[in-house]
Amino acid sequence: MGDSRGAQMFASADAYDRFVGRYAPALAQAVVRASGVRPGQRVLDVGCGPGALTTALVALLGADHVSAVDPSPAFVEVCRQRNAGVQVELAGAELLPFEDDEFDVALAQLVVNFMDDPRAGVGEMRRVTRAGGTVGAAVWDYGSGMTLLRSFWDSAAATDPSGGQRDERNMRMSIPSELGDLWTEVGLGQVEVSEAVVSASYEGFEDLWHPLEMGVGPAGAYAASLAPGARESLKQDLRARLAVGESPFELTARAWVVTGRVA
Ligand SMILES: C[S@@+](CC[C@H](N)C(=O)[O-])C[C@H]1O[C@@H](n2cnc3c(N)ncnc32)[C@H](O)[C@@H]1O
């Protein structure tokens with residue numbers, strides 16, 4: 001489990017917090033709203049990472065109504081520390097350690113495109129959700145609206161002939177039609193795909209760049225793999241592309257949010 005590709009990629013909570021984790025609390029609010037989560041419900045957070053969505057759920061439902069799983073041992077540990085009283089298990093989406101119909105809602109924030117087997121993973125989310133309950137997820141709009149990652153991969157393509165090959169826009173399950181089709185294929189009904197736009201603040205460009213050098217996520221793994229000269233070219237292109245310097249700034253990020261109802 002802990003050695004699955006998707007889990008290894010995000011191994012450090014500190015680097016993750018400073019990378020896309022900056023956007024996670026705001027996105028969690030949007031996912032909770034779109035999924036219609038309300039007090040009294042029992043909710044599962046799949047691929048919880050360090051726990052931004054878990055924390056939002058605890059605030060609404062209480063720790064005893066929230067469970068979470070992640071295949072990364074480091075993230076499970078941090079999510080437990082940040083969310084006392086929540087059952088946080090080491091598991092991937094593809095084999096959830098829960099009985100059928102245990103939850104009212106199962107959610108996966110920024111996870112479906114990293115699952116080893118998205119069809120199995122979302123199928124499991126449906127299995128553990130009761131009839132009438134909701135299965136929901138969010139995935140970045142890598143192709144356009146996620147400013148940080150879109151700009152990063154555009155800079156990679158501009159500064160390295162093979163830089164575009166790992167562009168996350170090519171990941172499966174990262175466009176609305178694919179998400180909607182997957183939700184339908186696993187037997188969910190009333191499928192809806194909406195968008196959520198959130199933002200994050202940076203102290204300056206170095207604040208944005210630093211976690212990338214720590215190798216977090218596909219973008220960080222690419223940046224860290226480059227020779228120093230190539231990495232510096234990428235860095236300068238990204239700074240110019242974002243038109244930011246050492247003053248504070250904000251970036252916006254759009255995610256696709258998919259929800260469906262268990263029949
Ligand atoms: C981009 S992070 C999102 C973390 C968190 N949900 C958030 O919104 O900040 C992706 C997460 O998916 C987890 N992951 C990777 N493969 C997975 C799988 N097959 N099943 C469940 N989670 C997985 C990773 O360990 C990581 O925590």
# chains A, B, ... in the order shown; residues from 1 in each chain; ligands from 1
$ residues_near_ligand --ligand "ligand 1" --cutoff "8 Å" --atoms "only C-alpha atoms and all ligand atoms" --output "count of residues only"
48
$ select_by_dssp --residues "stretch 141-257 of chain A" --states "alpha helix (DSSP H)" --output "PDB file with C-alpha atoms, in the first residue's frame"
ATOM      1  CA  THR A 147      -2.799  28.309 -12.499  1.00  0.00           C
ATOM      2  CA  LEU A 148       0.202  26.922 -10.593  1.00  0.00           C
ATOM      3  CA  LEU A 149       0.342  23.548 -12.362  1.00  0.00           C
ATOM      4  CA  ARG A 150      -0.745  24.844 -15.785  1.00  0.00           C
ATOM      5  CA  SER A 151       2.025  27.475 -15.708  1.00  0.00           C
ATOM      6  CA  PHE A 152       4.534  24.944 -14.392  1.00  0.00           C
ATOM      7  CA  TRP A 153       3.957  22.479 -17.227  1.00  0.00           C
ATOM      8  CA  ASP A 154       3.900  25.252 -19.831  1.00  0.00           C
ATOM      9  CA  SER A 155       7.320  26.328 -18.522  1.00  0.00           C
ATOM     10  CA  ALA A 156       8.524  22.717 -18.589  1.00  0.00           C
ATOM     11  CA  ALA A 157       7.501  22.412 -22.256  1.00  0.00           C
ATOM     12  CA  ALA A 158       9.144  25.759 -23.083  1.00  0.00           C
ATOM     13  CA  THR A 159      12.502  24.959 -21.472  1.00  0.00           C
ATOM     14  CA  PRO A 176     -15.234  16.479 -16.625  1.00  0.00           C
ATOM     15  CA  SER A 177     -16.464  13.969 -19.224  1.00  0.00           C
ATOM     16  CA  GLU A 178     -14.106  11.220 -17.968  1.00  0.00           C
ATOM     17  CA  LEU A 179     -15.143  11.816 -14.377  1.00  0.00           C
ATOM     18  CA  GLY A 180     -18.834  11.817 -15.259  1.00  0.00           C
ATOM     19  CA  ASP A 181     -18.435   8.619 -17.295  1.00  0.00           C
ATOM     20  CA  LEU A 182     -16.584   6.862 -14.459  1.00  0.00           C
ATOM     21  CA  TRP A 183     -19.280   7.823 -11.950  1.00  0.00           C
ATOM     22  CA  THR A 184     -21.935   6.420 -14.289  1.00  0.00           C
ATOM     23  CA  GLU A 185     -19.927   3.246 -15.071  1.00  0.00           C
ATOM     24  CA  PHE A 205       8.031  33.438  -5.766  1.00  0.00           C
ATOM     25  CA  GLU A 206      10.599  31.570  -3.613  1.00  0.00           C
ATOM     26  CA  ASP A 207       7.754  30.499  -1.345  1.00  0.00           C
ATOM     27  CA  LEU A 208       6.053  28.931  -4.387  1.00  0.00           C
ATOM     28  CA  TRP A 209       9.231  27.399  -5.816  1.00  0.00           C
ATOM     29  CA  HIS A 210      10.735  25.831  -2.666  1.00  0.00           C
ATOM     30  CA  PRO A 211       8.341  22.833  -2.337  1.00  0.00           C
ATOM     31  CA  LEU A 212       8.842  21.991  -6.010  1.00  0.00           C
ATOM     32  CA  GLU A 213      12.558  21.478  -5.327  1.00  0.00           C
ATOM     33  CA  GLY A 217       3.856  15.505  -6.685  1.00  0.00           C
ATOM     34  CA  PRO A 218       4.466  14.902 -10.397  1.00  0.00           C
ATOM     35  CA  ALA A 219       5.615  18.517 -10.920  1.00  0.00           C
ATOM     36  CA  GLY A 220       8.085  18.374  -8.048  1.00  0.00           C
ATOM     37  CA  ALA A 221       9.372  14.970  -9.166  1.00  0.00           C
ATOM     38  CA  TYR A 222      10.058  16.450 -12.603  1.00  0.00           C
ATOM     39  CA  ALA A 223      11.753  19.589 -11.212  1.00  0.00           C
ATOM     40  CA  ALA A 224      13.909  17.538  -8.848  1.00  0.00           C
ATOM     41  CA  SER A 225      14.984  15.220 -11.691  1.00  0.00           C
ATOM     42  CA  PRO A 228      20.855  22.292 -11.878  1.00  0.00           C
ATOM     43  CA  GLY A 229      21.113  24.416 -15.053  1.00  0.00           C
ATOM     44  CA  ALA A 230      17.897  23.052 -16.535  1.00  0.00           C
ATOM     45  CA  ARG A 231      16.105  23.482 -13.207  1.00  0.00           C
ATOM     46  CA  GLU A 232      17.213  27.115 -13.039  1.00  0.00           C
ATOM     47  CA  SER A 233      15.887  27.727 -16.599  1.00  0.00           C
ATOM     48  CA  LEU A 234      12.554  26.204 -15.596  1.00  0.00           C
ATOM     49  CA  LYS A 235      12.440  28.343 -12.455  1.00  0.00           C
ATOM     50  CA  GLN A 236      13.140  31.586 -14.323  1.00  0.00           C
ATOM     51  CA  ASP A 237      10.589  30.761 -17.030  1.00  0.00           C
ATOM     52  CA  LEU A 238       7.943  30.018 -14.407  1.00  0.00           C
ATOM     53  CA  ARG A 239       8.641  33.238 -12.517  1.00  0.00           C
ATOM     54  CA  ALA A 240       8.323  35.270 -15.748  1.00  0.00           C
ATOM     55  CA  ARG A 241       5.223  33.360 -16.863  1.00  0.00           C
ATOM     56  CA  LEU A 242       3.450  34.013 -13.568  1.00  0.00           C
TER      57      LEU A 242
END
$ residues_around --residues "A:Trp140" --least-positions-apart "6" --cutoff "9 Å" --atoms "only C-alpha atoms" --output "CSV table (one decimal) with C-alpha atoms, in the first residue's frame"
chain,number,residue,atom,x,y,z
A,110,LEU,CA,-7.5,15.4,-5.5
A,146,MET,CA,-5.2,25.4,-12.0
A,174,SER,CA,-8.8,14.8,-15.1
A,175,ILE,CA,-11.5,16.2,-17.4
A,253,ALA,CA,-7.1,27.1,-9.0
A,254,ARG,CA,-10.1,25.5,-10.6
A,255,ALA,CA,-11.1,22.0,-9.8
A,256,TRP,CA,-13.8,19.8,-11.3
A,257,VAL,CA,-16.2,18.4,-8.6
$ closest_residue --among "A:Gly62, A:Val191, A:Leu95, A:Val105" --to "A:Arg119" --atoms "only C-alpha atoms"
A:Leu95
$ atom_distance --atom1 "atom CA of A:Ala200" --atom2 "atom CA of A:Ala138"
16.8 Å
$ atom_distance --atom1 "atom CA of A:Thr55" --atom2 "atom CA of A:Gly143"
28.5 Å
$ atom_distance --atom1 "atom CA of A:Tyr142" --atom2 "atom CA of A:Glu168"
6.2 Å
$ residues_around --residues "A:Arg261" --least-positions-apart "6" --cutoff "10 Å" --atoms "only C-alpha atoms" --output "mmCIF file with C-alpha atoms, in the first residue's frame"
data_model
loop_
_atom_site.group_PDB
_atom_site.id
_atom_site.type_symbol
_atom_site.label_atom_id
_atom_site.label_comp_id
_atom_site.auth_asym_id
_atom_site.auth_seq_id
_atom_site.Cartn_x
_atom_site.Cartn_y
_atom_site.Cartn_z
ATOM 1 C CA SER A 35 -21.794 16.827 -1.815
ATOM 2 C CA VAL A 105 -21.100 10.060 1.953
ATOM 3 C CA ARG A 126 -19.912 3.300 -3.820
ATOM 4 C CA THR A 129 -21.936 4.192 0.869
ATOM 5 C CA ARG A 130 -25.576 3.439 1.736
ATOM 6 C CA ALA A 131 -28.420 3.631 -0.787
ATOM 7 C CA GLY A 132 -29.400 7.262 -1.229
ATOM 8 C CA GLY A 133 -25.945 8.417 -0.134
ATOM 9 C CA THR A 134 -23.432 10.419 -2.167
ATOM 10 C CA VAL A 135 -20.028 9.645 -3.684
ATOM 11 C CA GLY A 136 -18.050 12.771 -4.574
ATOM 12 C CA TRP A 183 -19.280 7.823 -11.950
ATOM 13 C CA THR A 184 -21.935 6.420 -14.289
ATOM 14 C CA GLY A 187 -23.439 2.526 -11.122
ATOM 15 C CA LEU A 188 -23.959 5.951 -9.589
ATOM 16 C CA GLY A 189 -26.983 8.017 -10.581
ATOM 17 C CA GLN A 190 -27.873 11.725 -10.717
ATOM 18 C CA VAL A 191 -24.267 12.403 -11.741
ATOM 19 C CA GLU A 192 -23.256 16.066 -11.767
#
$ decode --residues "stretch 177-192 of chain A" --atoms "all heavy atoms" --output "compact mmCIF listing (two decimals), in the first residue's frame"
# COMPACT_ATOMS: atom_id res chain seq x y z
N SER A 177 -15.74 15.08 -18.59
CA SER A 177 -16.46 13.97 -19.22
C SER A 177 -15.96 12.62 -18.71
O SER A 177 -16.75 11.69 -18.48
CB SER A 177 -16.32 14.04 -20.75
OG SER A 177 -14.96 14.01 -21.10
N GLU A 178 -14.64 12.50 -18.48
CA GLU A 178 -14.11 11.22 -17.97
C GLU A 178 -14.61 10.94 -16.56
O GLU A 178 -14.94 9.80 -16.21
CB GLU A 178 -12.58 11.28 -17.92
CG GLU A 178 -11.89 10.84 -19.18
CD GLU A 178 -10.39 10.86 -18.99
OE1 GLU A 178 -9.83 11.95 -18.79
OE2 GLU A 178 -9.78 9.79 -19.03
N LEU A 179 -14.66 12.00 -15.75
CA LEU A 179 -15.14 11.82 -14.38
C LEU A 179 -16.61 11.42 -14.39
O LEU A 179 -17.02 10.49 -13.68
CB LEU A 179 -14.96 13.11 -13.58
CG LEU A 179 -13.51 13.44 -13.22
CD1 LEU A 179 -13.39 14.87 -12.70
CD2 LEU A 179 -12.98 12.45 -12.18
N GLY A 180 -17.40 12.13 -15.18
CA GLY A 180 -18.83 11.82 -15.26
C GLY A 180 -19.07 10.39 -15.74
O GLY A 180 -19.90 9.66 -15.20
N ASP A 181 -18.28 9.98 -16.76
CA ASP A 181 -18.44 8.62 -17.29
C ASP A 181 -18.07 7.58 -16.24
O ASP A 181 -18.75 6.55 -16.10
CB ASP A 181 -17.55 8.41 -18.53
CG ASP A 181 -18.06 9.17 -19.74
OD1 ASP A 181 -19.20 9.70 -19.68
OD2 ASP A 181 -17.32 9.27 -20.73
N LEU A 182 -17.00 7.83 -15.49
CA LEU A 182 -16.58 6.86 -14.46
C LEU A 182 -17.67 6.73 -13.40
O LEU A 182 -18.01 5.63 -12.97
CB LEU A 182 -15.26 7.31 -13.82
CG LEU A 182 -14.77 6.46 -12.65
CD1 LEU A 182 -14.50 5.02 -13.09
CD2 LEU A 182 -13.49 7.05 -12.03
N TRP A 183 -18.22 7.86 -12.98
CA TRP A 183 -19.28 7.82 -11.95
C TRP A 183 -20.48 7.00 -12.45
O TRP A 183 -21.06 6.22 -11.71
CB TRP A 183 -19.68 9.25 -11.58
CG TRP A 183 -19.13 9.70 -10.25
CD1 TRP A 183 -19.86 10.16 -9.19
CD2 TRP A 183 -17.76 9.73 -9.83
NE1 TRP A 183 -19.02 10.45 -8.13
CE2 TRP A 183 -17.74 10.19 -8.49
CE3 TRP A 183 -16.56 9.39 -10.43
CZ2 TRP A 183 -16.55 10.33 -7.76
CZ3 TRP A 183 -15.37 9.53 -9.70
CH2 TRP A 183 -15.39 9.99 -8.40
N THR A 184 -20.81 7.17 -13.72
CA THR A 184 -21.93 6.42 -14.29
C THR A 184 -21.59 4.93 -14.41
O THR A 184 -22.40 4.07 -14.07
CB THR A 184 -22.30 7.00 -15.68
OG1 THR A 184 -22.58 8.39 -15.51
CG2 THR A 184 -23.51 6.31 -16.28
N GLU A 185 -20.36 4.65 -14.87
CA GLU A 185 -19.93 3.25 -15.07
C GLU A 185 -19.97 2.44 -13.79
O GLU A 185 -20.25 1.24 -13.82
CB GLU A 185 -18.47 3.20 -15.58
CG GLU A 185 -18.33 3.32 -17.07
CD GLU A 185 -16.87 3.53 -17.44
OE1 GLU A 185 -15.96 3.00 -16.77
OE2 GLU A 185 -16.64 4.27 -18.42
N VAL A 186 -19.66 3.06 -12.65
CA VAL A 186 -19.67 2.28 -11.40
C VAL A 186 -21.07 2.20 -10.81
O VAL A 186 -21.25 1.67 -9.72
CB VAL A 186 -18.66 2.83 -10.35
CG1 VAL A 186 -17.25 2.84 -10.90
CG2 VAL A 186 -19.08 4.19 -9.84
N GLY A 187 -22.05 2.72 -11.53
CA GLY A 187 -23.44 2.53 -11.12
C GLY A 187 -24.05 3.66 -10.32
O GLY A 187 -25.12 3.49 -9.72
N LEU A 188 -23.39 4.81 -10.32
CA LEU A 188 -23.96 5.95 -9.59
C LEU A 188 -24.95 6.69 -10.47
O LEU A 188 -24.81 6.73 -11.70
CB LEU A 188 -22.84 6.89 -9.13
CG LEU A 188 -21.93 6.25 -8.07
CD1 LEU A 188 -20.56 6.91 -8.02
CD2 LEU A 188 -22.62 6.32 -6.70
N GLY A 189 -25.97 7.27 -9.84
CA GLY A 189 -26.98 8.02 -10.58
C GLY A 189 -26.93 9.50 -10.26
O GLY A 189 -26.15 9.94 -9.42
N GLN A 190 -27.80 10.27 -10.92
CA GLN A 190 -27.87 11.72 -10.72
C GLN A 190 -26.47 12.35 -10.72
O GLN A 190 -26.12 13.16 -9.84
CB GLN A 190 -28.60 12.05 -9.42
CG GLN A 190 -30.04 11.54 -9.39
CD GLN A 190 -30.71 11.79 -8.05
OE1 GLN A 190 -30.59 12.86 -7.44
NE2 GLN A 190 -31.44 10.80 -7.56
N VAL A 191 -25.67 11.96 -11.70
CA VAL A 191 -24.27 12.40 -11.74
C VAL A 191 -24.20 13.86 -12.19
O VAL A 191 -24.82 14.26 -13.19
CB VAL A 191 -23.45 11.50 -12.70
CG1 VAL A 191 -22.02 12.01 -12.83
CG2 VAL A 191 -23.47 10.06 -12.20
N GLU A 192 -23.44 14.65 -11.42
CA GLU A 192 -23.26 16.07 -11.77
C GLU A 192 -21.78 16.41 -11.68
O GLU A 192 -21.10 15.98 -10.75
CB GLU A 192 -24.03 16.96 -10.79
CG GLU A 192 -25.53 16.93 -11.00
CD GLU A 192 -26.26 17.81 -10.00
OE1 GLU A 192 -25.64 18.77 -9.48
OE2 GLU A 192 -27.43 17.53 -9.75
